[in-house]
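Raw data_19.txt, compact mmCIF, C-alpha atoms:
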# COMPACT_ATOMS: atom_id res chain seq x y z
CA MET A 89 0.00 0.00 0.00
CA SER A 90 1.68 3.17 -1.17
CA LEU A 91 -0.93 5.83 -1.65
CA TYR A 92 1.76 8.47 -1.85
CA ALA A 93 3.36 6.81 -4.88
CA VAL A 94 0.04 6.27 -6.66
CA GLN A 95 -0.88 9.91 -6.20
CA LYS A 96 2.59 11.06 -7.20
CA TYR A 97 2.30 9.18 -10.48
CA LEU A 98 -1.07 10.76 -11.19
CA TYR A 99 0.09 14.22 -10.10
CA GLU A 100 2.97 14.10 -12.55
CA LEU A 101 0.75 12.65 -15.26
CA ASN A 102 -1.85 15.38 -14.82
CA ARG A 103 0.81 18.07 -15.26
CA SER A 104 2.52 16.72 -18.36
CA THR A 105 1.09 16.33 -21.84
CA PRO A 106 4.04 14.15 -22.99
CA ARG A 107 3.48 11.83 -20.03
CA GLN A 108 -0.21 11.62 -20.85
CA THR A 109 0.67 10.64 -24.40
CA GLU A 110 3.04 7.96 -23.11
CA HIS A 111 0.49 6.64 -20.64
CA LEU A 112 -2.30 6.38 -23.18
CA ALA A 113 -0.01 4.67 -25.68
CA ASP A 114 1.35 2.05 -23.28
CA PRO A 115 0.12 2.42 -19.69
CA THR A 116 1.93 -0.66 -18.41
CA ALA A 117 5.28 0.57 -19.68
CA ALA A 118 4.65 4.09 -18.39
CA VAL A 119 3.74 2.93 -14.88
CA GLU A 120 6.57 0.37 -14.84
CA ARG A 121 9.08 3.10 -15.67
CA PHE A 122 7.78 5.09 -12.71
CA ARG A 123 8.07 2.04 -10.44
CA VAL A 124 11.57 1.19 -11.59
CA ALA A 125 12.58 4.77 -10.86
CA GLY A 126 12.04 4.07 -7.18
CA ALA A 127 8.36 4.43 -6.46
CA GLY A 128 6.95 1.76 -4.17
CA LEU A 129 3.93 0.76 -6.20
CA THR A 130 2.40 -2.64 -5.51
CA ASP A 131 1.21 -4.90 -8.31
CA ASP A 132 -2.37 -4.14 -7.27
CA GLU A 133 -1.81 -0.42 -7.56
CA LEU A 134 -0.03 -0.80 -10.88
CA ALA A 135 -2.96 -2.78 -12.24
CA ALA A 136 -5.46 -0.16 -11.08
CA LEU A 137 -3.48 2.56 -12.84
CA VAL A 138 -3.16 0.55 -16.03
CA GLU A 139 -6.76 -0.60 -16.36
CA PRO A 140 -7.78 2.17 -15.26
CA ASP A 141 -9.86 1.09 -12.28
CA ILE A 142 -11.27 4.39 -11.02
CA GLY A 143 -13.22 2.66 -8.25
CA LYS A 144 -10.13 0.84 -6.96
CA LEU A 145 -8.04 4.00 -7.03
CA PHE A 146 -10.69 5.87 -5.05
CA HIS A 147 -10.92 2.97 -2.61
CA LEU A 148 -7.15 3.13 -2.15
CA GLY A 149 -7.54 6.76 -1.15
CA VAL A 150 -6.49 8.75 -4.21
CA ASN A 151 -7.64 12.34 -3.78
CA GLY A 152 -10.56 13.10 -6.08
CA GLN A 153 -8.94 16.33 -7.16
CA ILE A 154 -6.17 14.21 -8.64
CA LEU A 155 -8.33 11.30 -9.75
CA MET A 156 -10.91 13.33 -11.69
CA HIS A 157 -8.27 14.43 -14.21
CA PHE A 158 -7.15 10.84 -14.71
CA ALA A 159 -10.76 9.95 -15.45
CA ALA A 160 -11.08 12.85 -17.87
CA LEU A 161 -7.91 11.72 -19.62
CA HIS A 162 -9.72 8.48 -20.36
CA GLN A 163 -12.81 10.34 -21.62
CA ILE A 164 -14.90 9.21 -18.67
CA GLU A 165 -17.92 11.48 -18.39
CA TRP A 166 -18.51 13.25 -15.05
CA GLN A 167 -21.52 11.30 -13.84
CA ASP A 168 -19.87 8.07 -14.96
CA TYR A 169 -16.79 9.07 -12.97
CA LEU A 170 -18.92 9.56 -9.86
CA GLN A 171 -20.63 6.21 -10.40
CA ARG A 172 -17.34 4.38 -10.85
CA MET A 173 -16.22 5.67 -7.45
CA ARG A 174 -19.47 4.48 -5.88
CA ASP A 175 -19.03 1.12 -7.55
CA GLY A 176 -15.48 0.92 -6.22
CA ILE A 177 -16.66 1.45 -2.67
CA GLU A 178 -19.32 -1.18 -3.19
CA ARG A 179 -16.86 -3.66 -4.62
CA TYR A 180 -13.72 -3.05 -2.58
CA GLY A 181 -14.98 -1.45 0.62
CA PRO A 182 -14.57 1.98 2.26
CA VAL A 183 -11.79 4.38 1.38
CA ARG A 184 -8.67 3.01 3.06
CA GLU A 185 -6.70 6.16 3.55
CA GLY A 186 -6.84 9.87 2.85
CA VAL A 187 -9.41 12.50 3.68
CA TYR A 188 -12.57 11.17 2.08
CA ALA A 189 -15.55 9.29 3.39
CA MET A 190 -18.96 8.55 1.96
CA THR A 191 -21.66 10.57 3.70
CA GLY A 192 -24.76 9.59 1.80
CA TYR A 193 -26.20 11.63 -1.03
CA ASP A 194 -29.13 11.22 -3.38
CA GLY A 195 -27.11 12.31 -6.37
CA VAL A 196 -27.02 15.36 -8.58
CA ASP A 197 -30.19 14.74 -10.56
CA ALA A 198 -32.42 14.15 -7.54
CA HIS A 199 -30.86 17.11 -5.72
CA ALA A 200 -31.36 19.45 -8.67
CA ALA A 201 -34.95 18.31 -9.10
CA SER A 202 -35.66 18.95 -5.40
CA ARG A 203 -34.66 22.57 -6.00
CA GLY A 204 -36.81 22.87 -9.10
CA GLN A 205 -33.77 22.95 -11.37
CA THR A 206 -33.91 21.31 -14.76
CA GLY A 207 -30.65 19.67 -15.67
CA ARG A 208 -29.63 18.34 -19.04
CA PRO A 209 -27.48 15.38 -19.99
CA PRO A 210 -23.96 15.99 -21.24
CA ASN A 211 -23.65 16.50 -24.96
CA GLY A 212 -20.25 14.97 -25.36
CA GLY A 213 -18.19 17.68 -23.69
CA GLY A 214 -17.58 18.64 -20.11
CA VAL A 215 -16.67 15.24 -18.84
CA MET B 74 -1.87 52.74 -1.90
CA SER B 75 -4.05 50.10 -0.39
CA LEU B 76 -6.84 47.70 -0.98
CA VAL B 77 -9.47 48.96 -3.45
CA PHE B 78 -11.57 45.83 -3.81
CA ALA B 79 -12.18 42.68 -1.79
CA GLY B 80 -14.52 39.83 -2.55
CA VAL B 81 -14.99 36.09 -2.81
CA CYS B 82 -16.44 33.74 -5.36
CA SER B 83 -16.82 30.07 -6.16
CA HIS B 84 -14.33 28.36 -8.44
CA ALA B 85 -15.71 24.86 -9.06
CA PRO B 86 -14.74 23.46 -12.47
CA GLY B 87 -18.31 22.50 -13.25
CA ILE B 88 -19.22 26.20 -13.40
CA THR B 89 -17.65 26.32 -16.83
CA GLY B 90 -17.01 22.67 -17.65
CA ARG B 91 -20.56 21.46 -17.08
CA ALA B 92 -22.33 24.70 -17.92
CA GLU B 93 -24.62 23.07 -20.45
CA GLN B 94 -25.85 20.50 -17.94
CA ALA B 95 -27.15 23.08 -15.46
CA ASP B 96 -30.55 24.67 -15.17
CA ARG B 97 -30.25 27.56 -17.61
CA VAL B 98 -32.18 30.11 -15.53
CA VAL B 99 -30.18 29.53 -12.35
CA ARG B 100 -26.89 29.31 -14.20
CA ASP B 101 -27.47 32.57 -16.05
CA ALA B 102 -28.42 34.35 -12.85
CA PHE B 103 -25.12 33.20 -11.36
CA TYR B 104 -23.19 34.33 -14.41
CA ALA B 105 -24.94 37.72 -14.22
CA ALA B 106 -23.77 38.06 -10.63
CA PHE B 107 -20.23 37.36 -11.84
CA ASP B 108 -20.72 40.15 -14.42
CA GLU B 109 -21.74 42.53 -11.66
CA MET B 110 -18.72 41.54 -9.62
CA ARG B 111 -16.51 42.22 -12.63
CA ALA B 112 -18.08 45.67 -13.09
CA GLU B 113 -17.45 46.50 -9.45
CA LEU B 114 -13.89 45.22 -9.69
CA GLU B 115 -13.21 47.31 -12.80
CA ALA B 116 -14.76 50.39 -11.21
CA SER B 117 -12.23 50.12 -8.39
CA ARG B 118 -9.47 50.66 -11.01
CA PRO B 119 -7.03 48.10 -9.62
CA ASP B 120 -3.44 47.87 -10.84
CA VAL B 121 -3.14 44.27 -9.73
CA LEU B 122 -5.47 41.45 -8.73
CA VAL B 123 -4.49 39.13 -5.90
CA VAL B 124 -6.35 35.83 -6.27
CA VAL B 125 -6.30 33.71 -3.12
CA ALA B 126 -7.12 30.19 -4.18
CA ALA B 127 -6.94 26.65 -2.92
CA GLU B 128 -5.22 24.90 -5.76
CA HIS B 129 -5.74 21.21 -6.33
CA PHE B 130 -2.36 19.53 -6.85
CA ALA B 131 -1.59 21.49 -10.00
CA ASN B 132 1.67 22.97 -8.73
CA PHE B 133 2.13 21.71 -5.22
CA PHE B 134 2.23 18.14 -3.99
CA MET B 135 2.92 16.33 -0.73
CA ASN B 136 6.64 16.15 -1.53
CA ASN B 137 6.98 19.83 -0.67
CA MET B 138 3.65 21.33 0.29
CA PRO B 139 3.68 25.00 1.30
CA ALA B 140 1.06 26.25 3.74
CA PHE B 141 1.10 29.57 1.86
CA ALA B 142 2.57 30.38 -1.53
CA ILE B 143 2.59 33.50 -3.72
CA GLY B 144 3.44 33.68 -7.40
CA MET B 145 6.26 35.88 -8.64
CA ALA B 146 6.26 35.78 -12.43
CA ASP B 147 5.47 38.01 -15.38
CA GLY B 148 2.88 35.58 -16.67
CA TYR B 149 1.01 32.42 -15.85
CA ASP B 150 -0.35 29.75 -18.16
CA GLY B 151 -3.61 27.97 -17.70
CA PRO B 152 -5.74 26.09 -17.40
CA ILE B 153 -3.61 23.10 -16.50
CA GLU B 154 -6.70 20.95 -16.96
CA ASP B 155 -7.89 19.84 -20.37
CA ALA B 156 -9.43 22.92 -21.96
CA ALA B 157 -12.50 21.07 -23.18
CA TRP B 158 -13.01 19.46 -19.77
CA LEU B 159 -12.92 22.83 -18.04
CA GLY B 160 -14.66 24.77 -20.80
CA ILE B 161 -11.96 27.44 -20.75
CA PRO B 162 -9.48 27.79 -23.65
CA LYS B 163 -5.78 27.83 -22.92
CA PHE B 164 -4.61 31.32 -21.89
CA ARG B 165 -1.67 33.24 -20.55
CA ALA B 166 -2.62 35.58 -17.72
CA PRO B 167 -0.37 38.55 -17.12
CA GLY B 168 1.66 38.83 -13.96
CA ASP B 169 4.11 41.42 -12.73
CA ARG B 170 7.22 40.01 -11.16
CA ASP B 171 8.28 43.30 -9.63
CA VAL B 172 4.94 43.98 -7.97
CA SER B 173 4.81 40.38 -6.75
CA ARG B 174 8.30 40.66 -5.29
CA ARG B 175 7.40 43.79 -3.36
CA PHE B 176 4.09 42.31 -2.23
CA ILE B 177 5.78 39.12 -1.05
CA THR B 178 8.45 41.11 0.75
CA GLY B 179 5.70 42.96 2.56
CA VAL B 180 3.86 39.79 3.51
CA MET B 181 7.08 38.31 4.86
CA GLN B 182 7.22 41.02 7.49
CA ARG B 183 4.41 39.20 9.30
CA ALA B 184 4.04 35.72 7.82
CA ASP B 185 6.12 32.93 6.37
CA VAL B 186 5.38 32.30 2.72
CA SER B 187 6.82 30.37 -0.18
CA TYR B 188 7.20 32.08 -3.51
CA ALA B 189 6.94 30.49 -6.93
CA GLU B 190 8.32 31.77 -10.23
CA GLU B 191 6.44 29.00 -12.03
CA TRP B 192 2.73 28.51 -11.59
CA GLN B 193 0.16 26.89 -13.83
CA PHE B 194 -3.35 28.03 -13.04
CA ASP B 195 -5.92 25.35 -12.37
CA HIS B 196 -9.66 25.88 -12.11
CA GLY B 197 -9.26 27.53 -8.71
CA ILE B 198 -7.93 30.62 -10.44
CA ALA B 199 -8.92 30.01 -14.07
CA VAL B 200 -12.66 29.94 -13.44
CA PRO B 201 -12.72 33.25 -11.51
CA LEU B 202 -10.46 34.92 -14.09
CA HIS B 203 -12.68 33.64 -16.90
CA PHE B 204 -15.47 35.81 -15.48
CA LEU B 205 -13.60 38.64 -13.75
CA THR B 206 -10.83 39.45 -16.23
CA PRO B 207 -11.99 37.73 -19.43
CA ARG B 208 -9.55 39.74 -21.56
CA PHE B 209 -6.65 38.82 -19.28
CA ASP B 210 -5.64 42.46 -19.14
CA LEU B 211 -5.07 42.83 -15.39
CA PRO B 212 -1.84 41.58 -13.77
CA VAL B 213 -2.50 38.77 -11.35
CA ILE B 214 -0.70 37.73 -8.18
CA PRO B 215 -1.70 34.13 -7.44
CA VAL B 216 -1.81 33.10 -3.81
CA ASN B 217 -2.33 29.58 -2.56
CA VAL B 218 -3.46 28.37 0.82
CA ASN B 219 -3.08 24.62 1.21
CA CYS B 220 -6.62 23.35 1.70
CA GLN B 221 -6.11 19.92 0.13
CA GLY B 222 -3.29 17.97 1.70
CA PRO B 223 -3.41 17.75 5.51
CA PRO B 224 -2.00 18.81 7.83
CA LEU B 225 -3.63 22.13 7.00
CA VAL B 226 -2.75 25.49 8.43
CA PRO B 227 -4.93 26.41 11.44
CA LEU B 228 -7.67 28.94 10.73
CA HIS B 229 -6.19 31.62 12.93
CA ARG B 230 -3.01 31.50 10.88
CA ALA B 231 -5.01 31.88 7.68
CA TRP B 232 -6.48 34.97 9.28
CA ASN B 233 -3.03 36.26 10.20
CA PHE B 234 -1.93 35.64 6.62
CA GLY B 235 -4.81 37.79 5.39
CA GLU B 236 -3.72 40.56 7.73
CA ALA B 237 -0.18 40.22 6.40
CA MET B 238 -1.44 40.58 2.83
CA ARG B 239 -3.38 43.70 3.80
CA ALA B 240 -0.32 45.22 5.44
CA ALA B 241 1.72 44.42 2.33
CA ALA B 242 -0.91 46.01 0.09
CA ASP B 243 -0.76 49.12 2.24
CA THR B 244 2.98 49.48 1.65
CA ILE B 245 3.10 49.31 -2.15
CA PRO B 246 1.93 52.15 -4.40
CA GLU B 247 -0.28 50.00 -6.62
CA ARG B 248 -4.04 49.80 -6.23
CA VAL B 249 -4.66 46.24 -5.05
CA ALA B 250 -7.78 44.13 -5.49
CA ILE B 251 -8.14 40.80 -3.70
CA VAL B 252 -10.49 37.93 -4.50
CA GLY B 253 -10.73 34.72 -2.51
CA THR B 254 -12.02 31.64 -4.28
CA GLY B 255 -13.30 28.28 -3.19
CA GLY B 256 -15.77 26.54 -0.89
CA ILE B 257 -18.03 26.76 0.75
CA SER B 258 -19.51 23.40 1.80
CA HIS B 259 -18.99 20.78 -0.87
CA TRP B 260 -17.75 17.27 -1.48
CA PRO B 261 -16.01 17.82 -4.80
CA ALA B 262 -14.72 15.03 -7.00
CA THR B 263 -16.08 12.35 -4.67
CA PRO B 264 -19.12 10.06 -4.93
CA ASP B 265 -20.98 12.72 -2.95
CA SER B 266 -20.13 15.44 -5.47
CA GLY B 267 -23.15 17.73 -5.71
CA LYS B 268 -24.00 17.54 -2.03
CA ILE B 269 -24.25 21.02 -0.51
CA ASN B 270 -25.10 22.09 3.04
CA GLU B 271 -27.03 25.28 2.33
CA ALA B 272 -27.80 26.09 5.98
CA TRP B 273 -24.12 25.76 6.89
CA ASP B 274 -23.12 27.92 3.92
CA ARG B 275 -25.55 30.68 4.77
CA ASP B 276 -24.44 30.72 8.39
CA PHE B 277 -20.80 30.90 7.32
CA MET B 278 -21.50 33.74 4.89
CA ASP B 279 -23.41 35.59 7.61
CA ARG B 280 -20.27 35.45 9.72
CA TRP B 281 -18.21 36.50 6.69
CA CYS B 282 -20.45 39.47 5.91
CA ARG B 283 -20.34 40.60 9.54
CA ASN B 284 -16.58 40.16 9.28
CA ASP B 285 -16.74 38.60 12.72
CA ARG B 286 -13.25 37.26 13.35
CA ASP B 287 -14.19 35.22 16.41
CA ALA B 288 -17.16 33.62 14.67
CA LEU B 289 -15.17 32.88 11.53
CA LEU B 290 -12.44 31.18 13.51
CA ASP B 291 -14.91 29.20 15.60
CA TYR B 292 -14.63 26.01 13.56
CA THR B 293 -12.53 22.90 13.87
CA ASP B 294 -11.47 20.88 10.84
CA GLU B 295 -13.39 17.96 12.27
CA GLN B 296 -16.57 20.03 12.38
CA VAL B 297 -15.99 21.40 8.91
CA TYR B 298 -15.36 17.96 7.50
CA ALA B 299 -18.54 16.58 9.06
CA ASP B 300 -20.79 19.49 8.10
CA ALA B 301 -19.20 20.90 4.96
CA GLY B 302 -17.08 18.13 3.49
CA GLN B 303 -13.42 18.20 2.60
CA GLY B 304 -14.24 21.05 0.22
CA GLY B 305 -15.19 23.09 3.26
CA PHE B 306 -11.52 23.31 4.18
CA GLU B 307 -11.36 25.99 1.50
CA ILE B 308 -13.00 28.47 3.87
CA ARG B 309 -9.39 29.43 4.57
CA THR B 310 -9.32 31.48 1.37
CA PHE B 311 -12.47 33.33 2.41
CA LEU B 312 -10.95 33.97 5.85
CA THR B 313 -7.85 35.58 4.38
CA VAL B 314 -10.01 38.04 2.45
CA ALA B 315 -12.09 38.80 5.54
CA ALA B 316 -8.92 39.57 7.45
CA ALA B 317 -7.55 41.69 4.61
CA ALA B 318 -10.78 43.70 4.55
CA ASP B 319 -9.97 44.79 8.11
CA GLY B 320 -13.44 45.00 9.57
CA ALA B 321 -15.33 46.13 6.50
CA PRO B 322 -18.92 44.86 6.21
CA GLY B 323 -19.74 42.43 3.44
CA VAL B 324 -22.68 41.82 1.14
CA LEU B 325 -23.73 38.43 -0.17
CA ARG B 326 -24.43 39.20 -3.82
CA PHE B 327 -25.43 35.70 -4.91
CA TYR B 328 -25.91 32.30 -3.35
CA GLU B 329 -27.62 29.30 -4.87
CA PRO B 330 -26.75 25.60 -4.73
CA ILE B 331 -26.29 24.22 -8.23
CA PRO B 332 -25.70 20.48 -7.78
CA ILE B 333 -24.19 19.83 -11.20
CA PHE B 334 -21.64 22.53 -10.38
CA ALA B 335 -21.00 20.67 -7.09
CA VAL B 336 -21.13 23.82 -4.96
CA GLY B 337 -23.35 26.48 -3.48
CA CYS B 338 -22.49 29.14 -6.01
CA THR B 339 -21.40 32.21 -4.09
CA ILE B 340 -20.41 35.78 -4.83
CA ALA B 341 -19.83 38.32 -2.07
CA THR B 342 -17.95 41.57 -1.67
CA TYR B 343 -16.80 43.84 1.10
CA ASP B 344 -17.64 47.53 1.26
CA LEU B 345 -14.17 48.89 1.84
CA ALA B 346 -15.43 52.46 1.57
CA ASP B 347 -17.54 51.87 4.66
CA VAL B 348 -14.38 51.54 6.73
CA ALA B 349 -12.86 54.59 5.04
CA ARG B 350 -15.97 56.61 5.84
CA GLY B 351 -15.99 55.38 9.41
As structure tokens:
Amino acid sequence: MSLYAVQKYLYELNRSTPRQTEHLADPTAAVERFRVAGAGLTDDELAALVEPDIGKLFHLGVNGQILMHFAALHQIEWQDYLQRMRDGIERYGPVREGVYAMTGYDGVDAHAASRGQTGRPPNGGGV
Amino acid sequence: MSLVFAGVCSHAPGITGRAEQADRVVRDAFYAAFDEMRAELEASRPDVLVVVAAEHFANFFMNNMPAFAIGMADGYDGPIEDAAWLGIPKFRAPGDRDVSRRFITGVMQRADVSYAEEWQFDHGIAVPLHFLTPRFDLPVIPVNVNCQGPPLVPLHRAWNFGEAMRAAADTIPERVAIVGTGGISHWPATPDSGKINEAWDRDFMDRWCRNDRDALLDYTDEQVYADAGQGGFEIRTFLTVAAAADGAPGVLRFYEPIPIFAVGCTIATYDLADVARG
């Protein structure tokens, strides 16, 4: 378990267009290079980064402010991103580490409707 | 010179990135409030805009996390996020290294601060600038308060930092505007994204508008986390602006939860002239 290393990989990825290109082209090689360079990633963490398993990464404790850009890099739409995190908690259990905890929430659509707001589905942008 | 404008606003990426998914009437009312804030900011004729934000691992990480940081460059690129994701095209915002250096030097008289000659703006600054200086024609001094990676600076030190920024503004000849961005209650980028504690937000903004130091500091991180989510830690940016306003009364110009934006959308300003008149 090396949350710091997982987040460090994603932090550097989020900041670098060349790294994003490398990751998308060959994620296993990109993450392996990072691990060889001294980061203490476990095989489980490496697999979650390669897949990508958004739910697993959230379960491991990756900060959402880092994770949401990784999801966007993979063209995962916003509501799908939120659902993948929920699914990860369901599948793997509560967040292991970090600052987040589930508090219970009806979701954006139900919340907006309760306020009389009319939302619209995404039209391909704004993931 | 001194402070000529002080206010706060939301900065959530959904405000621009998920604009088309929001209720059009509510969204446009919020945007109109941003337009009014921009008009008030421009009327104050600032020479420089200090933006106090809570950045989100765009420039600073847990390998070397500053509690407070101030930019010192002649320009800043942004957004660091994908432009389509954020709904804001790539830009270069002007800075002024000399003004930053003098401002930082002034702040250092009272507070410890890191400075950064490189800084890529994320949504914490890009979203406010998109509305407040859309032509990118006003030099910016970016300021960061760590609100993301605990341990976080205690609230009273965020307040002291705001006082230090005010004292620094008082010592340089430029007309300084300051805008804090972030919060208030929200659970951003989590499965609970969209959750908003309106009652908590309104109570906090009441304290902010009264500029009641004791009331604004009367929170613990545990309470904030329970009632306002991890996004609530960003009240530190609002506190710095309250402190910089030095007792001025505030006005809540707009507040409305917009779940798809994942925040209670907020715009508020201080009446600095009220203190001058007093």
Per residue of chain B within 6 Å of chain A, note the shortest atom pair and the distance in Å to one decimal, counting all atoms listed in the file, and order the rows by chain and increasing residue number, as JSON lines.
{"residue": "B:Gly90", "atom": "CA", "partner": "A:Gly214", "partner_atom": "CA", "distance": 4.8}
{"residue": "B:Arg91", "atom": "CA", "partner": "A:Gly214", "partner_atom": "CA", "distance": 5.1}
{"residue": "B:Gln94", "atom": "CA", "partner": "A:Arg208", "partner_atom": "CA", "distance": 4.5}
{"residue": "B:Ala95", "atom": "CA", "partner": "A:Gly207", "partner_atom": "CA", "distance": 4.9}
{"residue": "B:Asp96", "atom": "CA", "partner": "A:Thr206", "partner_atom": "CA", "distance": 4.8}
{"residue": "B:His129", "atom": "CA", "partner": "A:Gln153", "partner_atom": "CA", "distance": 5.9}
{"residue": "B:Trp158", "atom": "CA", "partner": "A:Gly214", "partner_atom": "CA", "distance": 4.7}
{"residue": "B:Ala262", "atom": "CA", "partner": "A:Gly152", "partner_atom": "CA", "distance": 4.7}
{"residue": "B:Thr263", "atom": "CA", "partner": "A:Gly152", "partner_atom": "CA", "distance": 5.7}
{"residue": "B:Pro264", "atom": "CA", "partner": "A:Leu170", "partner_atom": "CA", "distance": 5.0}
{"residue": "B:Asp265", "atom": "CA", "partner": "A:Tyr193", "partner_atom": "CA", "distance": 5.7}
{"residue": "B:Gly267", "atom": "CA", "partner": "A:Val196", "partner_atom": "CA", "distance": 5.4}
{"residue": "B:Pro332", "atom": "CA", "partner": "A:Val196", "partner_atom": "CA", "distance": 5.3}
{"residue": "B:Ile333", "atom": "CA", "partner": "A:Val196", "partner_atom": "CA", "distance": 5.9}
d(atom CA of B:Glu109, atom CA of B:His84) in Å: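 Computing the Euclidean distance for atom CA of B:Glu109 and atom CA of B:His84 yields 16.3 Å.
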Straight-line distance linking atom CA of B:Ala316 with atom CA of B:Glu236, stated in Å to one decimal: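 Those two atoms sit 5.3 Å apart.
Put simply, atom CA of B:Gln303 is 19.5 Å away from atom CA of A:Ile142.
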Near-stretch 141-152 of chain B list (6 Å; all atoms listed in the file; drop same-chain fewer than 2 positions) as a list in words: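 Contacts, in chain order: Pro139, Glu154, Lys163, Phe164, Arg165, Ala166, Pro167, Gly168, Asp169, Arg170, Ser173, Val186, Ser187, Tyr188, Ala189, Glu190, Gln193, Phe194, Asp195, Ile214, Pro215, Val216, Asn217 and Val218 of chain B.
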Best match for closeness to B:Ser258 among B:Ala116, B:Ala199, B:Met138, B:Ala301, counting only C-alpha atoms: B:Ala301
